[in-house]
Amino acid sequence: MDMLWSGWGDPARATPLPGTVVGLLRDLLGVEPCDTAPVTLDGIAVPASPLGPAALRALAGAVSGEAHVRTDAEARIRHTRGKSTPDLLRIREGDVDDVPAAVVLPAGHDEVVAVLRTCAEHGLAVVPFGGGTSVVGGLAPERRRPFVALDLRRMDALLALDPVSRTATLQPGLRAPRAEELVAGHGFTLGHFPQSYEWATIGGFAAARSSGQASAGYGRFDDMVLGLTLATPEGTLDAGRAPRSAAGPDLRQLVLGSEGAFGVITSVTVRLRPVPRTRIYEGWRFPSFEAGATALRRLAQDGPRPTVLRLSDETETLVGLARPDAIGAPDGRPDAGCLAIAGYEGTEEDTAHRRERAAAVLRACGGTYAGQEPGEHWAHGRYAAPYLRDALLDAGAFAETLETAAFWSRVPGLYAAVREALTTTLTEAGTPPLVMCHISHVYENGASLYFTVVSARGDDPVARWASAKRAAADAILAAGGTISHHHGVGTDHRDGYVREAGPLGVEALRAVKRRLDPEGLLNPGVLLPLD
């Protein structure tokens, strides 16, 4: 199934906002219904592909036939940009300035290499395309030449599984649920469940350094990667022949997070864990975000660490965004405070032991046990937030997210600075926002902050959000945070990444790109500025 072209996910799961929530948006934020309806798929005027017969024949030869080279309007629209709110607002208005010239579907590593060589011969740029879930402009290259979307969906196999070493080698086009299904048949799990889980792919997880909601227990995706293969215009790069090595710099880390700018990831070897026998999710309440953050830090640093550990601030708790499948319906208590979710996965003995010891820490930090219902509600709706975002857009609101991370000592200042930047910029633009936040991932030395912003749409919401995001980026860097914890760089965060990496770091990465991609064909302008 293809994802909804003008929104997120499965169209059958789209649910309009309750009337009470629509009324609250109107009364609190001034949200008004849209004056015009979005365009229909067949109402979008897509220019003819600029590719000539010779290029099309060469591409078809690279992927075993014309059936795997698509130039029809629908295929090209479905591969236009990603799923950020600006992406959706533009496509709903019929804006297809970033439409690819063709969609090419290779079946394996050798065909990817052949496509790259063909594109080099014909002067075409290449944008690797997995699940299409980027929210940072990762699928919208700078357009100095026509580009093809390299859709990896045909590369969807489990290539190898080593039960002794507990590793699996997967192709990049595997969607996460299918990957889980394949390894579960052997008694294992990847343990990687980001919000994009239902649609994102293995290759995308690696290319963007994805982090799942259970990262406290299973680690980030880049922690899981033991080896990978990269196809480039200059040849093939294989990295990772042992779990750890002292044989020079780790080339795996150079590829992870490269977002298709250095090459196309064609296989990934990951470590596995046994399928957990028990899963328990529960809620805890804290009187303040500060108190809850202290409790999370205690667990992250001194243990025992739950598999899932997250904390909503007062605003997010009050609104009910910790339960996106039941938005606008918190527990009704005026003293709701801050809701934390703790989840435990593993054997019955292990989960019971960790849960008991963690409860003592949470209580010592001022937490009050709220039962399993909040945790189970969170688990049930853990992938629902993007659908809620679309429902807000349909109701005339503007809703978007951004995230960052910092060391624990900097988290309070970072939290305050980003909230202030977003609130001030959007209020001055005439659309005062509701700014919510949660700690989404914890580490021994720091944590990630995930912000959700809702406001009236106003005039030119794309430009207004770009201004607010620039202000937030300035605040993030000034407060000592990273420009992205798990969404990636794309084009949206590129300028902030350049500032974070510094001139010498950027030049080092450009030297790598020049060696692997001398013609600058791969995702031009994504991750790094064009020369």
# chains A, B, ... in the order shown; residues from 1 in each chain; ligands from 1
>>> residues_around(residues="A:Ala475", least_positions_apart="2", cutoff="10 Å", atoms="only C-alpha atoms", output="list of chain:residue names")
A:Gly413, A:Leu414, A:Tyr415, A:Ala416, A:Ala417, A:Val418, A:Arg419, A:Glu420, A:Ala421, A:Leu422, A:Lys469, A:Arg470, A:Ala471, A:Ala472, A:Ala473, A:Leu477, A:Ala478, A:Ala479, A:Gly480, A:Gly481, A:Ile483
>>> residues_around(residues="stretch 191-195 of chain A", least_positions_apart="2", cutoff="10 Å", atoms="only C-alpha atoms", output="VMD selection string")
chain A and resid 176 to 177 180 188 to 189 197 to 200 202 205 210 to 215 217 to 221 224 271 to 276 307 345 381 to 386 486
>>> residues_around(residues="A:Leu159", least_positions_apart="5", cutoff="8 Å", atoms="only C-alpha atoms", output="list in words")
Ala168, Thr169, Leu170 and Gln171 of chain A
>>> write_last_selection(atoms="C-alpha atoms", output="PDB file, in the first residue's frame")
ATOM      1  CA  ALA A 168      20.391 -10.048  10.523  1.00  0.00           C
ATOM      2  CA  THR A 169      21.286  -8.556   7.151  1.00  0.00           C
ATOM      3  CA  LEU A 170      18.381  -6.641   5.637  1.00  0.00           C
ATOM      4  CA  GLN A 171      17.790  -4.817   2.383  1.00  0.00           C
TER       5      GLN A 171
END
>>> residues_around(residues="stretch 20-23 of chain A", least_positions_apart="6", cutoff="12 Å", atoms="only C-alpha atoms", output="JSON list (two decimals) with all heavy atoms, in the first residue's frame")
[["chain", "number", "residue", "atom", "x", "y", "z"],
["A", 29, "LEU", "N", -6.92, 29.73, 20.11],
["A", 29, "LEU", "CA", -5.85, 30.09, 19.18],
["A", 29, "LEU", "C", -6.34, 30.86, 17.96],
["A", 29, "LEU", "O", -5.54, 31.27, 17.13],
["A", 29, "LEU", "CB", -5.12, 28.82, 18.71],
["A", 29, "LEU", "CG", -4.43, 28.00, 19.81],
["A", 29, "LEU", "CD1", -3.84, 26.72, 19.22],
["A", 29, "LEU", "CD2", -3.35, 28.82, 20.50],
["A", 30, "GLY", "N", -7.65, 31.04, 17.84],
["A", 30, "GLY", "CA", -8.17, 31.77, 16.69],
["A", 30, "GLY", "C", -8.16, 30.97, 15.40],
["A", 30, "GLY", "O", -8.13, 31.55, 14.31],
["A", 31, "VAL", "N", -8.19, 29.65, 15.50],
["A", 31, "VAL", "CA", -8.17, 28.81, 14.31],
["A", 31, "VAL", "C", -9.51, 28.89, 13.59],
["A", 31, "VAL", "O", -10.57, 28.75, 14.19],
["A", 31, "VAL", "CB", -7.86, 27.34, 14.68],
["A", 31, "VAL", "CG1", -8.03, 26.42, 13.49],
["A", 31, "VAL", "CG2", -6.46, 27.25, 15.27],
["A", 32, "GLU", "N", -9.45, 29.13, 12.30],
["A", 32, "GLU", "CA", -10.64, 29.20, 11.47],
["A", 32, "GLU", "C", -10.55, 28.16, 10.35],
["A", 32, "GLU", "O", -9.46, 27.82, 9.90],
["A", 32, "GLU", "CB", -10.78, 30.59, 10.84],
["A", 32, "GLU", "CG", -10.97, 31.72, 11.84],
["A", 32, "GLU", "CD", -12.30, 31.64, 12.57],
["A", 32, "GLU", "OE1", -13.21, 30.95, 12.06],
["A", 32, "GLU", "OE2", -12.42, 32.27, 13.64],
["A", 33, "PRO", "N", -11.70, 27.66, 9.90],
["A", 33, "PRO", "CA", -11.68, 26.69, 8.80],
["A", 33, "PRO", "C", -11.03, 27.27, 7.56],
["A", 33, "PRO", "O", -11.05, 28.48, 7.32],
["A", 33, "PRO", "CB", -13.17, 26.38, 8.55],
["A", 33, "PRO", "CG", -13.86, 26.79, 9.81],
["A", 33, "PRO", "CD", -13.07, 27.93, 10.37],
["A", 319, "VAL", "N", -3.13, 18.98, 27.72],
["A", 319, "VAL", "CA", -3.83, 18.84, 26.44],
["A", 319, "VAL", "C", -4.16, 17.38, 26.14],
["A", 319, "VAL", "O", -5.14, 17.07, 25.47],
["A", 319, "VAL", "CB", -2.96, 19.44, 25.31],
["A", 319, "VAL", "CG1", -3.53, 19.11, 23.93],
["A", 319, "VAL", "CG2", -2.86, 20.95, 25.49],
["A", 320, "GLY", "N", -3.33, 16.48, 26.65],
["A", 320, "GLY", "CA", -3.56, 15.07, 26.40],
["A", 320, "GLY", "C", -2.75, 14.52, 25.25],
["A", 320, "GLY", "O", -3.04, 13.44, 24.75],
["A", 326, "ALA", "N", -6.37, 10.05, 21.90],
["A", 326, "ALA", "CA", -7.47, 10.56, 22.71],
["A", 326, "ALA", "C", -7.25, 12.03, 23.01],
["A", 326, "ALA", "O", -7.44, 12.49, 24.13],
["A", 326, "ALA", "CB", -7.58, 9.76, 24.01],
["A", 327, "ILE", "N", -6.85, 12.78, 21.98],
["A", 327, "ILE", "CA", -6.51, 14.17, 22.15],
["A", 327, "ILE", "C", -7.69, 14.96, 22.70],
["A", 327, "ILE", "O", -8.85, 14.74, 22.33],
["A", 327, "ILE", "CB", -6.05, 14.79, 20.80],
["A", 327, "ILE", "CG1", -5.52, 16.21, 21.02],
["A", 327, "ILE", "CG2", -7.15, 14.77, 19.78],
["A", 327, "ILE", "CD1", -4.22, 16.25, 21.76],
["A", 328, "GLY", "N", -7.38, 15.88, 23.62],
["A", 328, "GLY", "CA", -8.42, 16.71, 24.21],
["A", 328, "GLY", "C", -9.15, 16.03, 25.33],
["A", 328, "GLY", "O", -10.08, 16.58, 25.89],
["A", 329, "ALA", "N", -8.71, 14.80, 25.71],
["A", 329, "ALA", "CA", -9.41, 14.07, 26.76],
["A", 329, "ALA", "C", -8.43, 13.59, 27.82],
["A", 329, "ALA", "O", -8.24, 12.39, 28.01],
["A", 329, "ALA", "CB", -10.16, 12.89, 26.16],
["A", 388, "LEU", "N", -3.02, 12.78, 13.84],
["A", 388, "LEU", "CA", -3.57, 13.93, 14.55],
["A", 388, "LEU", "C", -3.11, 15.22, 13.89],
["A", 388, "LEU", "O", -3.90, 16.17, 13.73],
["A", 388, "LEU", "CB", -3.13, 13.88, 16.01],
["A", 388, "LEU", "CG", -3.42, 15.12, 16.84],
["A", 388, "LEU", "CD1", -4.91, 15.38, 16.91],
["A", 388, "LEU", "CD2", -2.82, 14.97, 18.25],
["A", 391, "ALA", "N", -5.24, 15.86, 10.96],
["A", 391, "ALA", "CA", -6.58, 16.29, 11.35],
["A", 391, "ALA", "C", -6.57, 17.77, 11.76],
["A", 391, "ALA", "O", -7.52, 18.50, 11.48],
["A", 391, "ALA", "CB", -7.10, 15.43, 12.50],
["A", 392, "LEU", "N", -5.51, 18.21, 12.42],
["A", 392, "LEU", "CA", -5.39, 19.62, 12.77],
["A", 392, "LEU", "C", -5.29, 20.48, 11.51],
["A", 392, "LEU", "O", -5.92, 21.55, 11.42],
["A", 392, "LEU", "CB", -4.18, 19.83, 13.66],
["A", 392, "LEU", "CG", -4.32, 19.33, 15.10],
["A", 392, "LEU", "CD1", -2.96, 19.23, 15.77],
["A", 392, "LEU", "CD2", -5.23, 20.26, 15.90],
["A", 393, "LEU", "N", -4.51, 20.03, 10.53],
["A", 393, "LEU", "CA", -4.42, 20.77, 9.27],
["A", 393, "LEU", "C", -5.78, 20.84, 8.59],
["A", 393, "LEU", "O", -6.18, 21.88, 8.06],
["A", 393, "LEU", "CB", -3.41, 20.11, 8.33],
["A", 393, "LEU", "CG", -1.94, 20.07, 8.78],
["A", 393, "LEU", "CD1", -1.08, 19.47, 7.69],
["A", 393, "LEU", "CD2", -1.44, 21.46, 9.15],
["A", 394, "ASP", "N", -6.50, 19.72, 8.61],
["A", 394, "ASP", "CA", -7.82, 19.69, 7.98],
["A", 394, "ASP", "C", -8.79, 20.67, 8.65],
["A", 394, "ASP", "O", -9.70, 21.20, 8.00],
["A", 394, "ASP", "CB", -8.41, 18.28, 8.04],
["A", 394, "ASP", "CG", -7.64, 17.28, 7.19],
["A", 394, "ASP", "OD1", -6.90, 17.72, 6.28],
["A", 394, "ASP", "OD2", -7.77, 16.06, 7.45],
["A", 395, "ALA", "N", -8.59, 20.89, 9.95],
["A", 395, "ALA", "CA", -9.47, 21.80, 10.69],
["A", 395, "ALA", "C", -9.05, 23.26, 10.56],
["A", 395, "ALA", "O", -9.72, 24.14, 11.12],
["A", 395, "ALA", "CB", -9.49, 21.41, 12.17],
["A", 396, "GLY", "N", -7.96, 23.53, 9.85],
["A", 396, "GLY", "CA", -7.52, 24.90, 9.63],
["A", 396, "GLY", "C", -6.39, 25.34, 10.53],
["A", 396, "GLY", "O", -5.96, 26.50, 10.46],
["A", 397, "ALA", "N", -5.88, 24.45, 11.39],
["A", 397, "ALA", "CA", -4.78, 24.81, 12.27],
["A", 397, "ALA", "C", -3.44, 24.55, 11.58],
["A", 397, "ALA", "O", -3.36, 23.92, 10.52],
["A", 397, "ALA", "CB", -4.86, 24.00, 13.56],
["A", 456, "ALA", "N", -2.93, 29.04, 14.90],
["A", 456, "ALA", "CA", -3.74, 29.34, 13.72],
["A", 456, "ALA", "C", -2.83, 29.35, 12.50],
["A", 456, "ALA", "O", -1.62, 29.58, 12.61],
["A", 456, "ALA", "CB", -4.43, 30.69, 13.89]]
>>> atom_distance(atom1="atom CA of A:Arg355", atom2="atom CA of A:Tyr369")
11.8 Å
>>> atom_distance(atom1="atom CA of A:Glu316", atom2="atom CA of A:Arg92")
28.1 Å
>>> residues_around(residues="A:Ala370", least_positions_apart="3", cutoff="7 Å", atoms="only C-alpha atoms", output="NGL selection string")
:A and (283-285)
>>> select_by_dssp(residues="stretch 325-465 of chain A", states="helix (DSSP H, G or I)", output="PyMOL selection string")
chain A and resi 325-326+348-364+372-380+385-394+408-428+461-465
>>> closest_residue(among="A:Leu28, A:Ala149, A:Cys338, A:Ala140", to="A:Pro86", atoms="only C-alpha atoms")
A:Ala140
>>> select_by_dssp(residues="stretch 328-515 of chain A", states="strand (DSSP E)", output="ChimeraX atom specification")
/A:338-346,368-371,397-407,434-442,446-456
>>> write_last_selection(atoms="N, CA and C atoms", output="CSV table (one decimal), in the first residue's frame")
chain,number,residue,atom,x,y,z
A,338,CYS,N,2.7,16.5,35.3
A,338,CYS,CA,3.4,16.0,34.2
A,338,CYS,C,3.4,14.4,34.1
A,339,LEU,N,3.0,13.9,33.0
A,339,LEU,CA,2.8,12.5,32.9
A,339,LEU,C,4.1,11.8,32.3
A,340,ALA,N,4.6,10.8,33.0
A,340,ALA,CA,5.7,10.0,32.5
A,340,ALA,C,5.2,8.7,32.1
A,341,ILE,N,5.8,8.1,31.1
A,341,ILE,CA,5.5,6.7,30.7
A,341,ILE,C,6.8,5.9,30.9
A,342,ALA,N,6.6,4.8,31.6
A,342,ALA,CA,7.7,3.8,31.7
A,342,ALA,C,7.3,2.5,31.2
A,343,GLY,N,8.1,1.9,30.4
A,343,GLY,CA,7.7,0.6,29.8
A,343,GLY,C,8.8,-0.4,30.0
A,344,TYR,N,8.5,-1.7,30.2
A,344,TYR,CA,9.4,-2.7,30.5
A,344,TYR,C,9.2,-3.9,29.6
A,345,GLU,N,10.2,-4.3,28.9
A,345,GLU,CA,10.1,-5.5,28.0
A,345,GLU,C,11.2,-6.4,28.3
A,346,GLY,N,10.9,-7.7,28.2
A,346,GLY,CA,11.9,-8.7,28.5
A,346,GLY,C,11.3,-10.0,29.1
A,368,THR,N,4.1,9.8,41.5
A,368,THR,CA,3.0,9.1,42.0
A,368,THR,C,2.5,8.1,40.9
A,369,TYR,N,2.4,6.9,41.3
A,369,TYR,CA,2.0,5.8,40.4
A,369,TYR,C,0.6,6.1,39.9
A,370,ALA,N,0.4,6.0,38.5
A,370,ALA,CA,-0.9,6.3,37.9
A,370,ALA,C,-1.5,5.1,37.3
A,371,GLY,N,-0.9,3.9,37.5
A,371,GLY,CA,-1.4,2.7,37.0
A,371,GLY,C,-1.0,2.4,35.6
A,397,ALA,N,-5.9,24.4,11.4
A,397,ALA,CA,-4.8,24.8,12.3
A,397,ALA,C,-3.4,24.5,11.6
A,398,PHE,N,-2.4,25.1,12.2
A,398,PHE,CA,-1.0,24.7,11.8
A,398,PHE,C,-0.4,23.9,12.9
A,399,ALA,N,0.2,22.8,12.6
A,399,ALA,CA,0.8,21.9,13.6
A,399,ALA,C,2.1,21.4,13.1
A,400,GLU,N,3.2,21.5,13.9
A,400,GLU,CA,4.5,21.0,13.4
A,400,GLU,C,5.3,20.6,14.6
A,401,THR,N,6.4,19.9,14.4
A,401,THR,CA,7.3,19.5,15.5
A,401,THR,C,8.7,19.8,15.2
A,402,LEU,N,9.5,19.8,16.2
A,402,LEU,CA,11.0,19.9,16.0
A,402,LEU,C,11.6,19.3,17.3
A,403,GLU,N,12.8,18.8,17.2
A,403,GLU,CA,13.5,18.1,18.3
A,403,GLU,C,14.9,18.5,18.4
A,404,THR,N,15.5,18.2,19.5
A,404,THR,CA,16.9,18.5,19.8
A,404,THR,C,17.4,17.6,20.9
A,405,ALA,N,18.6,17.8,21.3
A,405,ALA,CA,19.1,17.0,22.5
A,405,ALA,C,20.3,17.8,23.1
A,406,ALA,N,20.6,17.5,24.3
A,406,ALA,CA,21.7,18.2,25.0
A,406,ALA,C,22.1,17.4,26.2
A,407,PHE,N,23.2,17.7,26.8
A,407,PHE,CA,23.6,17.1,28.1
A,407,PHE,C,22.7,17.5,29.2
A,434,LEU,N,0.4,27.3,20.8
A,434,LEU,CA,0.5,26.4,22.0
A,434,LEU,C,1.8,25.6,21.8
A,435,VAL,N,2.7,25.7,22.7
A,435,VAL,CA,4.0,25.0,22.6
A,435,VAL,C,4.0,23.9,23.6
A,436,MET,N,4.2,22.7,23.2
A,436,MET,CA,4.2,21.5,24.1
A,436,MET,C,5.6,20.8,23.9
A,437,CYS,N,5.9,20.0,24.9
A,437,CYS,CA,7.2,19.4,24.8
A,437,CYS,C,7.2,18.1,25.6
A,438,HIS,N,8.0,17.1,25.2
A,438,HIS,CA,8.3,15.9,26.0
A,438,HIS,C,9.7,15.5,25.9
A,439,ILE,N,10.3,14.9,26.9
A,439,ILE,CA,11.5,14.2,26.8
A,439,ILE,C,11.3,12.9,26.2
A,440,SER,N,11.8,12.7,25.0
A,440,SER,CA,11.5,11.5,24.2
A,440,SER,C,12.5,10.4,24.3
A,441,HIS,N,13.8,10.7,24.6
A,441,HIS,CA,14.9,9.7,24.7
A,441,HIS,C,15.8,10.1,25.8
A,442,VAL,N,16.3,9.2,26.5
A,442,VAL,CA,17.2,9.5,27.6
A,442,VAL,C,18.5,8.7,27.5
A,446,GLY,N,22.5,12.7,28.9
A,446,GLY,CA,21.6,13.8,28.4
A,446,GLY,C,20.3,13.2,27.9
A,447,ALA,N,19.6,14.1,27.2
A,447,ALA,CA,18.2,13.7,26.8
A,447,ALA,C,17.8,14.5,25.6
A,448,SER,N,16.8,14.0,24.9
A,448,SER,CA,16.2,14.7,23.8
A,448,SER,C,14.9,15.4,24.2
A,449,LEU,N,14.7,16.6,23.6
A,449,LEU,CA,13.5,17.3,23.8
A,449,LEU,C,12.7,17.4,22.5
A,450,TYR,N,11.4,17.0,22.5
A,450,TYR,CA,10.6,17.0,21.3
A,450,TYR,C,9.5,18.0,21.5
A,451,PHE,N,9.5,19.0,20.6
A,451,PHE,CA,8.5,20.1,20.7
A,451,PHE,C,7.4,19.9,19.7
A,452,THR,N,6.1,20.2,20.1
A,452,THR,CA,5.0,20.2,19.2
A,452,THR,C,4.4,21.6,19.3
A,453,VAL,N,4.1,22.2,18.1
A,453,VAL,CA,3.6,23.6,18.1
A,453,VAL,C,2.3,23.6,17.3
A,454,VAL,N,1.3,24.2,17.9
A,454,VAL,CA,0.0,24.3,17.3
A,454,VAL,C,-0.4,25.8,17.3
A,455,SER,N,-0.9,26.3,16.2
A,455,SER,CA,-1.3,27.7,16.1
A,455,SER,C,-2.4,27.8,15.0
A,456,ALA,N,-2.9,29.0,14.9
A,456,ALA,CA,-3.7,29.3,13.7
A,456,ALA,C,-2.8,29.4,12.5
>>> closest_residue(among="A:Gly490, A:Thr266, A:Ser258, A:Tyr497", to="A:Gly227", atoms="only C-alpha atoms")
A:Thr266
>>> closest_residue(among="A:Asp27, A:Glu111, A:Glu356, A:Asp87", to="A:Val136", atoms="only C-alpha atoms")
A:Asp87
>>> closest_residue(among="A:Val135, A:Arg277, A:Arg464, A:Pro412", to="A:Glu349", atoms="only C-alpha atoms")
A:Arg277
>>> residues_around(residues="A:Val255", least_positions_apart="3", cutoff="9 Å", atoms="only C-alpha atoms", output="ChimeraX atom specification")
/A:206-207,228,230,239,251-252,258-260,262-263,265
>>> write_last_selection(atoms="N, CA and C atoms", output="mmCIF file, in the first residue's frame")
data_model
loop_
_atom_site.group_PDB
_atom_site.id
_atom_site.type_symbol
_atom_site.label_atom_id
_atom_site.label_comp_id
_atom_site.auth_asym_id
_atom_site.auth_seq_id
_atom_site.Cartn_x
_atom_site.Cartn_y
_atom_site.Cartn_z
ATOM 1 N N ALA A 206 18.854 3.921 8.831
ATOM 2 C CA ALA A 206 20.309 4.059 8.856
ATOM 3 C C ALA A 206 20.755 5.403 8.310
ATOM 4 N N ALA A 207 20.140 5.834 7.217
ATOM 5 C CA ALA A 207 20.566 7.069 6.563
ATOM 6 C C ALA A 207 20.317 8.296 7.416
ATOM 7 N N LEU A 228 27.285 -2.482 6.845
ATOM 8 C CA LEU A 228 26.434 -1.972 5.782
ATOM 9 C C LEU A 228 27.203 -1.939 4.469
ATOM 10 N N LEU A 230 27.345 0.293 0.808
ATOM 11 C CA LEU A 230 26.984 1.564 0.201
ATOM 12 C C LEU A 230 27.342 1.534 -1.279
ATOM 13 N N ALA A 239 31.408 -1.825 4.879
ATOM 14 C CA ALA A 239 31.942 -1.421 6.178
ATOM 15 C C ALA A 239 31.352 -2.308 7.264
ATOM 16 N N LEU A 251 34.178 3.392 9.427
ATOM 17 C CA LEU A 251 33.506 3.904 8.232
ATOM 18 C C LEU A 251 31.996 3.748 8.306
ATOM 19 N N ARG A 252 31.524 2.836 9.162
ATOM 20 C CA ARG A 252 30.074 2.727 9.341
ATOM 21 C C ARG A 252 29.498 4.054 9.815
ATOM 22 N N SER A 258 24.271 9.919 6.728
ATOM 23 C CA SER A 258 24.714 10.669 5.536
ATOM 24 C C SER A 258 23.560 11.021 4.604
ATOM 25 N N GLU A 259 22.364 10.514 4.854
ATOM 26 C CA GLU A 259 21.130 10.966 4.205
ATOM 27 C C GLU A 259 21.182 10.907 2.679
ATOM 28 N N GLY A 260 21.833 9.889 2.150
ATOM 29 C CA GLY A 260 21.871 9.721 0.706
ATOM 30 C C GLY A 260 22.812 10.654 -0.014
ATOM 31 N N PHE A 262 26.187 10.637 0.258
ATOM 32 C CA PHE A 262 27.447 9.967 -0.072
ATOM 33 C C PHE A 262 27.231 8.734 -0.946
ATOM 34 N N GLY A 263 26.045 8.165 -0.899
ATOM 35 C CA GLY A 263 25.761 6.955 -1.642
ATOM 36 C C GLY A 263 24.407 6.404 -1.234
ATOM 37 N N ILE A 265 22.542 3.258 0.523
ATOM 38 C CA ILE A 265 22.705 2.082 1.377
ATOM 39 C C ILE A 265 21.906 0.932 0.768
#
>>> atom_distance(atom1="atom CA of A:Val270", atom2="atom CA of A:Arg166")
8.5 Å
>>> residues_around(residues="A:Glu519", least_positions_apart="2", cutoff="9 Å", atoms="only C-alpha atoms", output="list in words")
Ala120, Gly123, Pro233, Arg514, Asp517, Leu521 and Leu522 of chain A
>>> write_last_selection(atoms="C-alpha atoms", output="compact mmCIF listing (two decimals), in the first residue's frame")
# COMPACT_ATOMS: atom_id res chain seq x y z
CA ALA A 120 26.18 10.15 -14.16
CA GLY A 123 23.68 14.34 -15.91
CA PRO A 233 28.96 6.48 -8.41
CA ARG A 514 33.86 14.68 -3.75
CA ASP A 517 30.24 11.41 -5.66
CA LEU A 521 24.63 13.66 -8.20
CA LEU A 522 23.44 12.30 -4.86
>>> closest_atom_pairs(of="stretch 126-222 of chain A", to="stretch 38-52 of chain A", cutoff="10 Å", atoms="only C-alpha atoms", output="Markdown table")
| residue | atom | partner | partner_atom | distance |
| --- | --- | --- | --- | --- |
| A:Pro146 | CA | A:Pro50 | CA | 7.3 |
| A:Phe147 | CA | A:Leu51 | CA | 9.5 |
| A:Val148 | CA | A:Leu51 | CA | 9.7 |
